[in-house]
Structures are given as structure tokens and as C-alpha cells.
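Next up, upload.cif (mmCIF, C-alpha atoms):
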```
data_protein
loop_
_atom_site.label_atom_id
_atom_site.label_comp_id
_atom_site.auth_asym_id
_atom_site.auth_seq_id
_atom_site.Cartn_x
_atom_site.Cartn_y
_atom_site.Cartn_z
CA MET A 1 13.16 32.17 0.05
CA LYS A 2 10.61 31.94 -2.75
CA ALA A 3 11.66 30.21 -5.96
CA LEU A 4 11.71 32.39 -9.06
CA ARG A 5 10.37 30.53 -12.07
CA LEU A 6 11.90 31.40 -15.42
CA LEU A 7 11.33 30.32 -19.00
CA THR A 8 13.60 30.80 -22.00
CA MET A 9 12.57 29.88 -25.53
CA ASN A 10 13.45 30.64 -29.12
CA ALA A 11 10.01 31.44 -30.54
CA LEU A 12 10.91 30.95 -34.26
CA PHE A 13 10.31 33.98 -36.50
CA THR A 14 9.15 32.05 -39.60
CA GLY A 15 6.04 30.03 -40.42
CA ASP A 16 2.61 30.53 -38.87
CA VAL A 17 3.92 33.12 -36.42
CA PRO A 18 0.71 34.85 -35.16
CA ALA A 19 -1.09 31.56 -34.48
CA ARG A 20 1.89 30.10 -32.65
CA LEU A 21 2.55 33.25 -30.61
CA HIS A 22 -1.12 33.43 -29.65
CA ALA A 23 -0.91 29.83 -28.45
CA LEU A 24 2.33 30.59 -26.62
CA GLY A 25 0.70 33.57 -24.93
CA GLY A 26 -2.15 31.35 -23.82
CA ALA A 27 0.31 28.83 -22.39
CA LEU A 28 2.11 31.61 -20.53
CA ALA A 29 -1.18 32.93 -19.15
CA ALA A 30 -1.88 29.48 -17.69
CA SER A 31 1.64 29.10 -16.30
CA ASP A 32 3.37 30.20 -13.09
CA TYR A 33 6.50 31.62 -14.73
CA ASP A 34 7.67 34.86 -13.15
CA VAL A 35 10.04 35.83 -15.97
CA VAL A 36 9.88 34.80 -19.63
CA CYS A 37 12.78 35.34 -22.05
CA LEU A 38 11.99 34.93 -25.74
CA GLN A 39 14.20 35.07 -28.81
CA GLU A 40 13.18 35.67 -32.46
CA VAL A 41 10.07 37.67 -31.60
CA MET A 42 11.33 40.22 -34.12
CA PHE A 43 8.49 42.78 -34.36
CA ARG A 44 6.74 45.05 -31.89
CA ARG A 45 3.37 43.79 -33.12
CA ASN A 46 4.37 40.30 -31.99
CA VAL A 47 5.11 41.63 -28.51
CA ARG A 48 1.65 43.18 -28.37
CA LEU A 49 0.09 39.89 -29.49
CA ILE A 50 1.78 37.93 -26.70
CA ARG A 51 0.96 40.51 -24.05
CA ARG A 52 -2.72 40.56 -25.02
CA ALA A 53 -2.82 36.79 -24.56
CA ALA A 54 -0.85 36.92 -21.29
CA PRO A 55 -1.77 40.19 -19.54
CA ALA A 56 -0.39 39.09 -16.15
CA TYR A 57 3.08 39.92 -17.49
CA ARG A 58 2.75 43.62 -16.83
CA TYR A 59 6.40 44.49 -17.43
CA VAL A 60 8.40 44.11 -20.63
CA ALA A 61 11.99 44.74 -21.67
CA CYS A 62 12.81 45.01 -25.36
CA SER A 63 14.53 47.59 -27.51
CA GLY A 64 13.54 49.12 -30.83
CA THR A 65 10.37 50.47 -32.37
CA ALA A 66 8.78 48.45 -35.16
CA LEU A 67 11.74 46.04 -35.29
CA ILE A 68 12.89 44.53 -31.98
CA LYS A 69 16.66 44.65 -31.55
CA GLY A 70 18.06 41.15 -31.48
CA GLY A 71 14.49 39.80 -31.60
CA LEU A 72 14.75 39.69 -27.78
CA VAL A 73 11.80 40.16 -25.43
CA LEU A 74 11.71 39.74 -21.65
CA LEU A 75 8.32 39.56 -19.90
CA SER A 76 8.02 39.79 -16.12
CA ARG A 77 5.40 39.67 -13.42
CA TRP A 78 7.76 41.77 -11.28
CA PRO A 79 8.83 45.36 -12.01
CA ILE A 80 11.80 45.90 -14.32
CA SER A 81 13.81 48.73 -12.79
CA ARG A 82 16.08 49.22 -15.81
CA SER A 83 17.16 47.47 -18.98
CA ARG A 84 19.56 47.97 -21.86
CA PHE A 85 20.43 46.30 -25.12
CA VAL A 86 24.05 45.30 -25.73
CA ARG A 87 24.77 44.87 -29.41
CA TYR A 88 27.27 42.26 -30.57
CA PRO A 89 30.00 43.14 -33.09
CA MET A 90 29.11 42.49 -36.72
CA THR A 91 32.00 40.28 -37.80
CA GLY A 92 32.55 37.40 -40.19
CA PRO A 93 30.67 36.51 -43.38
CA VAL A 94 27.85 38.79 -44.48
CA ARG A 95 24.64 36.97 -43.57
CA GLY A 96 20.94 37.51 -43.02
CA GLU A 97 21.45 37.61 -39.26
CA PHE A 98 22.84 41.14 -39.58
CA PHE A 99 19.20 42.17 -40.06
CA MET A 100 18.45 40.87 -36.55
CA ARG A 101 21.15 42.98 -34.87
CA LYS A 102 22.17 40.16 -32.53
CA GLY A 103 22.92 41.07 -28.93
CA ALA A 104 21.74 40.76 -25.33
CA GLN A 105 18.91 42.38 -23.37
CA VAL A 106 20.12 43.06 -19.83
CA ALA A 107 17.29 43.68 -17.36
CA SER A 108 17.24 44.33 -13.62
CA ILE A 109 14.14 42.83 -12.03
CA ALA A 110 12.81 43.80 -8.60
CA THR A 111 11.76 40.40 -7.23
CA PRO A 112 10.33 39.84 -3.73
CA ASP A 113 13.75 38.48 -2.69
CA GLY A 114 15.67 41.43 -4.11
CA GLU A 115 17.21 42.49 -7.39
CA LEU A 116 18.00 39.91 -10.05
CA VAL A 117 19.70 40.68 -13.36
CA VAL A 118 18.45 38.55 -16.25
CA VAL A 119 20.40 38.55 -19.51
CA ASN A 120 18.38 37.33 -22.49
CA THR A 121 20.55 36.64 -25.52
CA HIS A 122 20.75 35.05 -28.97
CA LEU A 123 24.15 34.45 -30.56
CA SER A 124 24.86 34.03 -34.25
CA ALA A 125 24.17 30.61 -35.73
CA ASN A 126 26.96 28.31 -36.87
CA ARG A 127 26.05 27.61 -40.49
CA ASP A 128 28.78 24.97 -40.77
CA ASP A 129 27.59 22.92 -37.76
CA ASP A 130 31.26 22.85 -36.82
CA TRP A 131 32.10 24.25 -33.40
CA SER A 132 35.83 23.51 -33.49
CA PRO A 133 38.07 26.42 -32.42
CA ALA A 134 39.32 27.16 -35.94
CA ASN A 135 35.88 27.37 -37.55
CA ARG A 136 34.88 30.78 -38.95
CA TYR A 137 31.60 30.83 -37.00
CA THR A 138 33.33 29.84 -33.77
CA ARG A 139 35.41 33.00 -34.10
CA ILE A 140 32.20 35.02 -34.51
CA ALA A 141 30.75 33.40 -31.38
CA GLU A 142 33.91 34.15 -29.42
CA ALA A 143 33.70 37.85 -30.36
CA GLU A 144 30.06 37.93 -29.26
CA LEU A 145 30.85 36.09 -26.03
CA ALA A 146 33.62 38.57 -25.27
CA ARG A 147 31.08 41.41 -25.46
CA LEU A 148 28.65 39.40 -23.33
CA THR A 149 31.35 38.74 -20.73
CA GLU A 150 31.95 42.49 -20.47
CA ALA A 151 28.23 43.11 -19.92
CA ILE A 152 28.08 40.51 -17.14
CA ALA A 153 31.24 41.86 -15.49
CA ALA A 154 29.58 45.29 -15.32
CA VAL A 155 26.81 43.90 -13.06
CA ASP A 156 27.33 44.65 -9.37
CA PRO A 157 28.75 41.47 -7.75
CA SER A 158 26.17 41.83 -4.96
CA VAL A 159 23.41 41.07 -7.49
CA PRO A 160 22.74 37.54 -8.81
CA VAL A 161 22.71 37.03 -12.58
CA ALA A 162 20.91 34.58 -14.88
CA VAL A 163 22.09 34.38 -18.50
CA VAL A 164 19.61 32.56 -20.71
CA GLY A 165 18.75 32.08 -24.35
CA ASP A 166 19.78 30.52 -27.62
CA LEU A 167 23.56 30.69 -27.52
CA ASN A 168 23.89 28.53 -30.66
CA LEU A 169 26.74 26.64 -28.99
CA PRO A 170 26.67 23.00 -27.86
CA ARG A 171 27.08 22.36 -24.17
CA ASP A 172 30.44 20.63 -24.75
CA SER A 173 31.93 23.33 -27.00
CA ALA A 174 35.23 24.90 -25.97
CA ALA A 175 33.89 28.39 -26.70
CA LEU A 176 30.97 27.96 -24.30
CA ALA A 177 33.20 26.44 -21.60
CA GLY A 178 35.64 29.34 -21.88
CA PHE A 179 32.84 31.87 -21.63
CA ILE A 180 31.30 30.18 -18.57
CA ALA A 181 34.67 30.21 -16.82
CA ALA A 182 35.51 33.80 -17.77
CA ALA A 183 32.12 35.14 -16.67
CA GLY A 184 32.01 33.14 -13.44
CA LEU A 185 28.83 31.31 -14.42
CA ARG A 186 27.44 27.83 -13.77
CA ASP A 187 25.54 25.75 -16.32
CA VAL A 188 22.30 24.65 -14.64
CA LEU A 189 21.89 21.77 -17.11
CA SER A 190 25.54 20.67 -17.04
CA GLY A 191 25.82 17.04 -18.14
CA ASP A 192 22.37 16.95 -19.73
CA THR A 193 22.77 15.49 -23.23
CA ARG A 194 19.25 16.14 -24.51
CA PRO A 195 18.92 18.44 -27.54
CA THR A 196 17.10 21.75 -27.22
CA TYR A 197 16.65 22.06 -30.98
CA ARG A 198 13.86 19.84 -32.26
CA PRO A 199 15.36 16.91 -34.25
CA THR A 200 14.52 16.77 -37.95
CA PRO A 201 15.29 14.29 -40.74
CA ARG A 202 17.98 16.72 -41.94
CA TRP A 203 19.40 17.10 -38.43
CA PRO A 204 18.40 13.98 -36.47
CA SER A 205 20.83 14.51 -33.58
CA PRO A 206 21.16 18.22 -32.83
CA PRO A 207 22.97 19.40 -29.70
CA ALA A 208 21.72 21.52 -26.82
CA LEU A 209 21.95 25.09 -28.12
CA ASP A 210 19.79 26.81 -25.49
CA HIS A 211 21.14 27.35 -22.00
CA VAL A 212 20.48 28.63 -18.48
CA LEU A 213 23.64 29.92 -16.79
CA VAL A 214 23.75 31.54 -13.35
CA ARG A 215 26.07 33.60 -11.17
CA PRO A 216 25.18 33.97 -7.47
CA ALA A 217 25.57 37.22 -5.63
CA ALA A 218 28.78 37.59 -3.63
CA GLY A 219 28.44 35.78 -0.33
CA GLN A 220 25.20 34.07 -1.34
CA THR A 221 24.11 30.76 -2.81
CA LEU A 222 21.95 30.48 -5.92
CA THR A 223 20.31 27.08 -6.18
CA ALA A 224 18.95 26.30 -9.63
CA GLU A 225 17.31 23.43 -11.44
CA ALA A 226 15.97 23.25 -14.99
CA ASP A 227 14.15 21.02 -17.45
CA LEU A 228 12.84 21.07 -21.02
CA VAL A 229 9.27 22.16 -21.78
CA PHE A 230 7.01 22.67 -24.82
CA GLN A 231 8.28 19.53 -26.51
CA GLU A 232 4.88 18.41 -27.80
CA LYS A 233 2.37 19.91 -30.22
CA VAL A 234 -0.24 22.28 -28.82
CA PRO A 235 -3.70 23.23 -30.13
CA LEU A 236 -3.96 26.44 -32.15
CA ALA A 237 -7.03 28.68 -32.15
CA ASP A 238 -8.35 27.10 -35.38
CA GLY A 239 -8.11 23.57 -33.98
CA ARG A 240 -4.88 22.57 -35.67
CA GLN A 241 -2.04 21.01 -33.70
CA ALA A 242 1.43 22.51 -34.07
CA TYR A 243 4.77 22.80 -32.34
CA LEU A 244 5.32 26.18 -30.75
CA SER A 245 8.83 26.40 -32.19
CA ASP A 246 11.72 24.52 -33.73
CA HIS A 247 13.35 24.78 -30.29
CA TYR A 248 12.19 23.42 -26.96
CA GLY A 249 11.77 25.77 -24.05
CA ILE A 250 13.75 25.54 -20.83
CA ARG A 251 12.10 26.21 -17.49
CA ALA A 252 14.25 26.95 -14.44
CA ARG A 253 13.69 27.46 -10.72
CA LEU A 254 16.13 29.81 -8.98
CA ILE A 255 16.38 30.07 -5.20
CA ARG A 256 18.84 32.39 -3.53
CA SER A 257 20.02 32.12 0.07
CA ALA A 258 22.63 33.72 2.31
#
```
Could you write out this file's structure as C-alpha cells?
Amino acid sequence: MKALRLLTMNALFTGDVPARLHALGGALAASDYDVVCLQEVMFRRNVRLIRRAAPAYRYVACSGTALIKGGLVLLSRWPISRSRFVRYPMTGPVRGEFFMRKGAQVASIATPDGELVVVNTHLSANRDDDWSPANRYTRIAEAELARLTEAIAAVDPSVPVAVVGDLNLPRDSAALAGFIAAAGLRDVLSGDTRPTYRPTPRWPSPPALDHVLVRPAAGQTLTAEADLVFQEKVPLADGRQAYLSDHYGIRARLIRSA
């Protein structure tokens, strides 16, 4: 079986967006990723910018017209047979994230080894940096995860599933562990303590907020490995050096077998 190479990355919707997305597109064009899942792309014009820089990704899944629902974009070298956007409930404190219409993009991809469902998602941020069960933002995450669990349960068990993106939950959080168990998923980076959010003086020790979770097809094995990418600055078109995002990317290799 051929390995499917996947990238997930929060692309950061603020700052020097066109220059960074152009550089990201160039990096994708030079890569061997089969499927790319991006969060915080936000606008249709940004999708066009990335696709012009990386034309080998002939297929795209995103929802919305000028504004991309959830800011979610999935690019693929393989045909996307169908896709849908699942919107999360708008609960908890009124916040700017309501503008983003958080949710999940569920796409069925026709790979050479058969159908694969990829779920690209971005959950609401925890503004308290407190992921204890009683926290107000934990309750928001749990409501979103319940909707996500329903979407995964609706996928035919004979089809493997990869759930990726910025879940805004640390790897050791009870909410994430409960979701993984309820949805029948496996954390590809389980036990990895490295942050996926770039450390800053304000937040010198952030947790891993971005994840790759997989569910094999019934009766099959889905072998997966992953690592962090795009941790260093890259050259922009004008010669400046910049980080592509405030998050690192995660690359994964998925191999299915009977």
C-alpha cells in the first residue's frame, strides 16, 4: 500500500497574510503532500492565492463564497468525491470567533488505495488557558466535540477516517481524551509533549493544540506516524524572513492494510 502524506496547519489570519500564504503555497508546491488541511484561511481570495502558487492541488473542499465557513480549506491531489461543512453550536460567551462560524469540513477523497474521509476542523479557543472540566470554555469545546463525534459516527465504518486540525485542546485534556474514546479514534502523536503553538514571551510553554487522529476502516489496520514541520522562518517574496504561522504544521503518513 502507498503511504498517503497529509499536512495540517493553522495558517494564521492576521499579519502579513498574502506574503505568508504565497510562501506557504510555494512550500506546498515543492512538497509531496497528497492532502493539505488548513485553518484560518478565512477568505476565498486567500484560497485562490494558495492554489495559484500550488497548482498541483487540483481539488479543493471549502464552503462559503467570499467568506470561508470556519476558515477551513482542504487541498488534495486526489479527487474529492463529496464534502460538507458541519457547523458547531454557538454557545458560551459572545466572542469574535462567532464571525468565523467554527465547524468541520468533512471530505471524502478518492485515493489510489480507496476512499478516505478527512475531517478538517478548528474548535473554539480557550481564552482562560484553563482546560479543567468546570471551565466555561471547556463546556464550549465539549459541545463542539459532541457535534464532531456525530459527524464521525455518520461515516461508513468501512471507510478510514483522519480527523486533523487546531482543536484548541491540550493532548492531556480530559475533554480531548473523552472525545477520542467516544469517536473511536487514535492520537497519532500520543505521548509527544512538544507544543504545536509557537512559544512566545507571553506564553513560553504552550501545549500541543493541533492534532492528527485516525480511525481505521472495519477489519483493516491504519498505520500512522507524524511529526512537526514549518518550525523555522522561511523567505518571503521580498527577501524578508518570517514564520509561516503562529502554529507549527503537522505532517503525517497514513498506510492502510487489510
For this file, the PyMOL selection byres ((chain A and resi 218-226) around 8) selects which residues, as a PyMOL selection string? chain A and resi 157-160+188-189+212+214-217+227-228+250-258
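Using only C-alpha atoms, the protein and nucleic acid residues lying no more than 6 Å from region 115-122 of chain A, apart from those fewer than 6 places from it along its own chain, are Cys37, Ala104, Gln105, Val106, Ala107, Ser108, Ile109, Pro160, Val161, Ala162, Val163, Val164, Gly165, Asp166 and Leu167 of chain A.
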Hits from the PyMOL selection byres ((chain A and resi 193) around 10), listed as a PyMOL selection string: chain A and resi 170-172+189-192+194-196+207-208
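The residue that comes closest to Ala56 (chain A), out of A:Ala19, A:Leu72, A:Val36, A:Ile140 and on the basis of all atoms listed in the file, is A:Val36.
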Mind checking which residues fall within 12 Å of Gln241 (chain A), counting only C-alpha atoms, ignoring those fewer than 5 positions away in the same chain, and posting them as a PyMOL selection string? chain A and resi 16+19-20+23+232-236
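Pairwise distance (CA of Ala141 (chain A), CA of Leu75 (chain A)) equals 25.9 Å.
One distance worth recording is that between CA of Ile80 (chain A) and CA of Ala110 (chain A), which is 6.2 Å.
Closest approach to Ala53 (chain A) among A:Ala237, A:Ala242, A:Leu38, A:Leu12: A:Ala237, based on all atoms listed in the file.
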For the point (29.4, 31.9, -36.6) in the file's frame, write as a PyMOL selection string all residues with an atom no more than 8 Å away, counting all atoms listed in the file. chain A and resi 92+124-127+135-141
Put those residues in a file: C-alpha atoms, as a tab-separated table (two decimals), in the frame of the given file.
```
chain	number	residue	atom	x	y	z
A	92	GLY	CA	32.55	37.40	-40.19
A	124	SER	CA	24.86	34.03	-34.25
A	125	ALA	CA	24.17	30.61	-35.73
A	126	ASN	CA	26.96	28.31	-36.87
A	127	ARG	CA	26.05	27.61	-40.49
A	135	ASN	CA	35.88	27.37	-37.55
A	136	ARG	CA	34.88	30.78	-38.95
A	137	TYR	CA	31.60	30.83	-37.00
A	138	THR	CA	33.33	29.84	-33.77
A	139	ARG	CA	35.41	33.00	-34.10
A	140	ILE	CA	32.20	35.02	-34.51
A	141	ALA	CA	30.75	33.40	-31.38
```
